[in-house]
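Novice: Pasting in a structure now, in C-alpha cells, and then I'll have a few things to ask.
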Amino acid sequence: MRRSSAYIGSNGCRLVLVRRLGATILCASAAPTAGLAQTELNLLYGKQSNPFAETSSWTTVLTVQHYEQWSHGDLFLFIDLADDADLDGHNDDDAYGEFFANFSLGKVLGTDLGFGPILDFGVVAGASFGADSDLRQWLPSLRAAWRLPGFAFLTTDVALAIDGGGGLAGGGLPERDDHLITSVVWLLPFAVAGQSFSFAGFAEHQSATTDENGKEIPFALFSQPQLRWDIGGESGLMLGVEGLLWFNKLGTEKHEANPQLMLVWEM
C-alpha cells in the first residue's frame with residue numbers, strides 16, 4: 001500500500017511520485033508539462049501485522065508503479081506484490097493495485113486557476129483492487145494542489161469510496177457502505193553535506209462506516225512517510241526507510257507502527 005518514484009524534469013526539479021490517490025507532480029515554479037513519464041520498482045522489507053490473528057511477520061513487498069502526464073492531467077498506477085513468512089491467509093502471495101486519472105481543471109479549461117497557496121484543482125477517477133480480499137473499490141475524488149515553500153508538491157484529496165465488489169455473495173469481504181477518504185500527499189526534497197535526500201509520503205483518514213452485516217467499521221488513520229537517500233545518481237538507485245503507521249487497521253481496532261527498509265530503482 002503505497003509507493004513512490006522520482007524523475008528529473010527538464011527544468012532541473014527532482015520530482016517524486018508518491019502513491020496514495022495518485023499525486024500530481026508539481027514544481028514550485030511551474031505546472032507539469034505533457035509527456036513526462038516515469039516507471040519505478042520498489043522493494044520493501046519489514047514487519048507487518050496481521051490484525052485478525054494479532055501476529056506480525058517479516059514481509060517482502062515488490063511494487064511496480066508508473067506515472068505519466070497527458071494533455072488534460074496525469075495518470076498514476078501501481079501494483080503491490082506482498083508475501084510474508086507465515087501461511088495465515090494474510091499477505092500470502094497477495095496482490096493489490098490502484099489506478100488514478102487526474103483531470104487538471106486548469107488544463108481542461110485552459111486557464112490558470114492558481115491563487116495564493118493554491119496551484120490547481122483536479123477531478124480524479126480512481127479505483128483499487130485486491131486479490132485475496134476480492135476487493136474492488138471506486139474512488140471518485142476532488143483534488144487541490146498546493147504551492148508551498150520548500151515542497152516539490154503537496155496535494156489534498158477528498159474521495160468517495162464506493163464498494164464495487166460482490167460482497168459475501170461473491171466470495172469476498174462483506175460489502176461496505178460508501179464512506180469518505182481524505183488524504184494528503186507530499187514531497188520535501190533537501191540536501192545534507194552534498195547528498196540529496198527527500199521526505200515524502202501520504203497520510204489518509206477513512207471515515208467510519210458499516211458493512212452488509214450491519215457491523216460498524218471504525219474510522220482509520222493510515223500513513224507511510226518515507227526518508228530517501230539518492231545513492232545512484234544516473235543509475236536511479238535510492239535507499240531509504242518507510243514508516244508503516246495504521247490506526248484501526250483493516251476495519252479492526254488494532255494499531256500498527258513499524259519501520260521498513262526500502263530499495264528503489266527508477267527505470
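We name chains A, B, ... following the order of the C-alpha cells; residues begin at 1 in each chain, and ligands are numbered from 1 as shown.
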Residues at most 7 Å from segment 55-67 of chain A, counting only C-alpha atoms, excluding those fewer than 6 positions away in the same chain, as a PyMOL selection string?

Specialist: chain A and resi 37-49+75-86

Novice: Mind checking which residues fall within 10 Å of Leu188 of chain A, counting only C-alpha atoms, ignoring those fewer than 6 positions away in the same chain, and posting them as JSON, numbers by chain?

Specialist: {"A": [15, 16, 149, 150, 151, 152, 153, 154, 197, 198, 199, 200, 201, 227]}

Novice: Please, could you write that set of residues out with N, CA and C atoms as a short mmCIF file (atom, residue, chain, number, x, y, z; two decimals), in the first residue's frame?

Specialist:
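File result29.cif, as written:
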```cif
data_model
loop_
_atom_site.label_atom_id
_atom_site.label_comp_id
_atom_site.auth_asym_id
_atom_site.auth_seq_id
_atom_site.Cartn_x
_atom_site.Cartn_y
_atom_site.Cartn_z
N LEU A 15 11.44 15.39 -9.18
CA LEU A 15 10.03 15.13 -8.95
C LEU A 15 9.87 13.73 -8.41
N VAL A 16 9.10 13.56 -7.39
CA VAL A 16 8.87 12.25 -6.81
C VAL A 16 7.39 11.92 -6.86
N PRO A 149 6.30 26.82 0.13
CA PRO A 149 7.76 26.95 0.10
C PRO A 149 8.45 25.66 0.53
N GLY A 150 9.45 25.24 -0.25
CA GLY A 150 10.24 24.07 0.08
C GLY A 150 9.68 22.77 -0.45
N PHE A 151 8.39 22.69 -0.69
CA PHE A 151 7.77 21.46 -1.16
C PHE A 151 7.83 21.38 -2.69
N ALA A 152 8.27 20.23 -3.20
CA ALA A 152 8.17 20.00 -4.65
C ALA A 152 6.71 19.83 -5.04
N PHE A 153 5.92 19.23 -4.16
CA PHE A 153 4.47 19.20 -4.35
C PHE A 153 3.79 18.85 -3.03
N LEU A 154 2.53 19.23 -2.95
CA LEU A 154 1.66 18.83 -1.86
C LEU A 154 0.23 18.88 -2.39
N PHE A 197 18.49 14.13 -0.49
CA PHE A 197 17.51 13.37 0.28
C PHE A 197 16.11 13.89 -0.04
N SER A 198 15.12 13.13 0.38
CA SER A 198 13.74 13.61 0.28
C SER A 198 12.91 12.99 1.40
N PHE A 199 11.97 13.79 1.89
CA PHE A 199 10.97 13.31 2.84
C PHE A 199 9.63 13.36 2.12
N ALA A 200 9.03 12.21 1.94
CA ALA A 200 7.82 12.11 1.12
C ALA A 200 6.86 11.13 1.76
N GLY A 201 5.64 11.12 1.25
CA GLY A 201 4.69 10.14 1.74
C GLY A 201 3.26 10.58 1.59
N LEU A 227 11.79 8.39 4.11
CA LEU A 227 13.02 9.16 4.04
C LEU A 227 13.92 8.45 3.05
#
```

Novice: Quick one: everything within 10 Å of Trp146 of chain A, counting only C-alpha atoms, minus sequence neighbours fewer than 5 positions away in the same chain. Send it as a list of chain:residue names.

Specialist: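 Listing them by chain and then by number gives A:Leu26, A:Ala28, A:Gly114, A:Phe115, A:Gly116, A:Pro117, A:Ile118, A:Leu119, A:Asp120, A:Phe121, A:Phe151, A:Ala152, A:Phe153, A:Leu154, A:Thr155, A:Thr156, A:Trp186.
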
Novice: Based on the backbone DSSP call, show me all residues of segment 110-229 of chain A assigned strand (DSSP E), as a PyMOL selection string.

Specialist: chain A and resi 118-130+135-138+141-146+153-163+179-192+195-206+209-210+216-217+220-223+226-229

Novice: Each residue of segment 171-262 of chain A lying at most 12 Å from segment 131-138 of chain A should get a row with its shortest atom-to-atom pair and the distance in Å to one decimal, counting only C-alpha atoms; could you produce that, ordered by chain and increasing number, as a tab-separated table?

Specialist:
```
residue	atom	partner	partner_atom	distance
A:Gly171	CA	A:Asp134	CA	7.6
A:Gly172	CA	A:Asp134	CA	5.0
A:Leu173	CA	A:Ser133	CA	6.0
A:Pro174	CA	A:Ser133	CA	9.7
A:Glu175	CA	A:Leu135	CA	9.2
A:Arg176	CA	A:Gln137	CA	9.9
A:Asp177	CA	A:Gln137	CA	11.1
A:Asp178	CA	A:Gln137	CA	9.8
A:His179	CA	A:Trp138	CA	11.1
A:Leu180	CA	A:Trp138	CA	11.5
A:Ile181	CA	A:Trp138	CA	11.6
A:Leu250	CA	A:Ser133	CA	11.0
```

Novice: Here is a test: counting only C-alpha atoms, which residue of A:Ala95, A:Leu237, A:Val123, A:Leu245 is nearest to Lys107 of chain A?

Specialist: A:Val123

Novice: Please determine, counting only C-alpha atoms, which residue among A:Leu168, A:Val264, A:Leu105, A:Ala125 has the shortest atom-to-atom distance to Asn213 of chain A.

Specialist: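 Of A:Leu168, A:Val264, A:Leu105, A:Ala125, the one nearest Asn213 of chain A is A:Leu168, counting only C-alpha atoms.
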
Novice: Taking only segment 155-214 of chain A into account, list the residues labelled helix (DSSP H, G or I) by DSSP (computed from the backbone), as a short mmCIF file (atom, residue, chain, number, x, y, z; two decimals) with C-alpha atoms, in the first residue's frame.

Specialist:
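Produced file selection-v1.cif, reproduced below:
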```
data_model
loop_
_atom_site.label_atom_id
_atom_site.label_comp_id
_atom_site.auth_asym_id
_atom_site.auth_seq_id
_atom_site.Cartn_x
_atom_site.Cartn_y
_atom_site.Cartn_z
CA GLY A 167 -19.51 -8.86 -1.04
CA LEU A 168 -20.17 -12.14 0.76
CA ALA A 169 -22.35 -13.39 -2.09
CA GLY A 170 -19.39 -13.05 -4.43
#
```

Novice: Compile the contact shell of Pro140 of chain A as a VMD selection string: residues with an atom at most 7 Å away, counting only C-alpha atoms, same-chain residues fewer than 6 positions apart removed.

Specialist: chain A and resid 124 to 126 159 to 160

Novice: What does the distance from atom CA of Glu204 of chain A to atom CA of Gly73 of chain A come to in Å, to one decimal?

Specialist: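 Atom-to-atom, atom CA of Glu204 of chain A to atom CA of Gly73 of chain A, that is 22.5 Å.
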
Novice: Using only C-alpha atoms, which of A:Ala127, A:Val108, A:Leu142, A:Ile217 sits nearest Tyr96 of chain A?

Specialist: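 Looking at the shortest contact to Tyr96 of chain A, the residue is A:Ala127.
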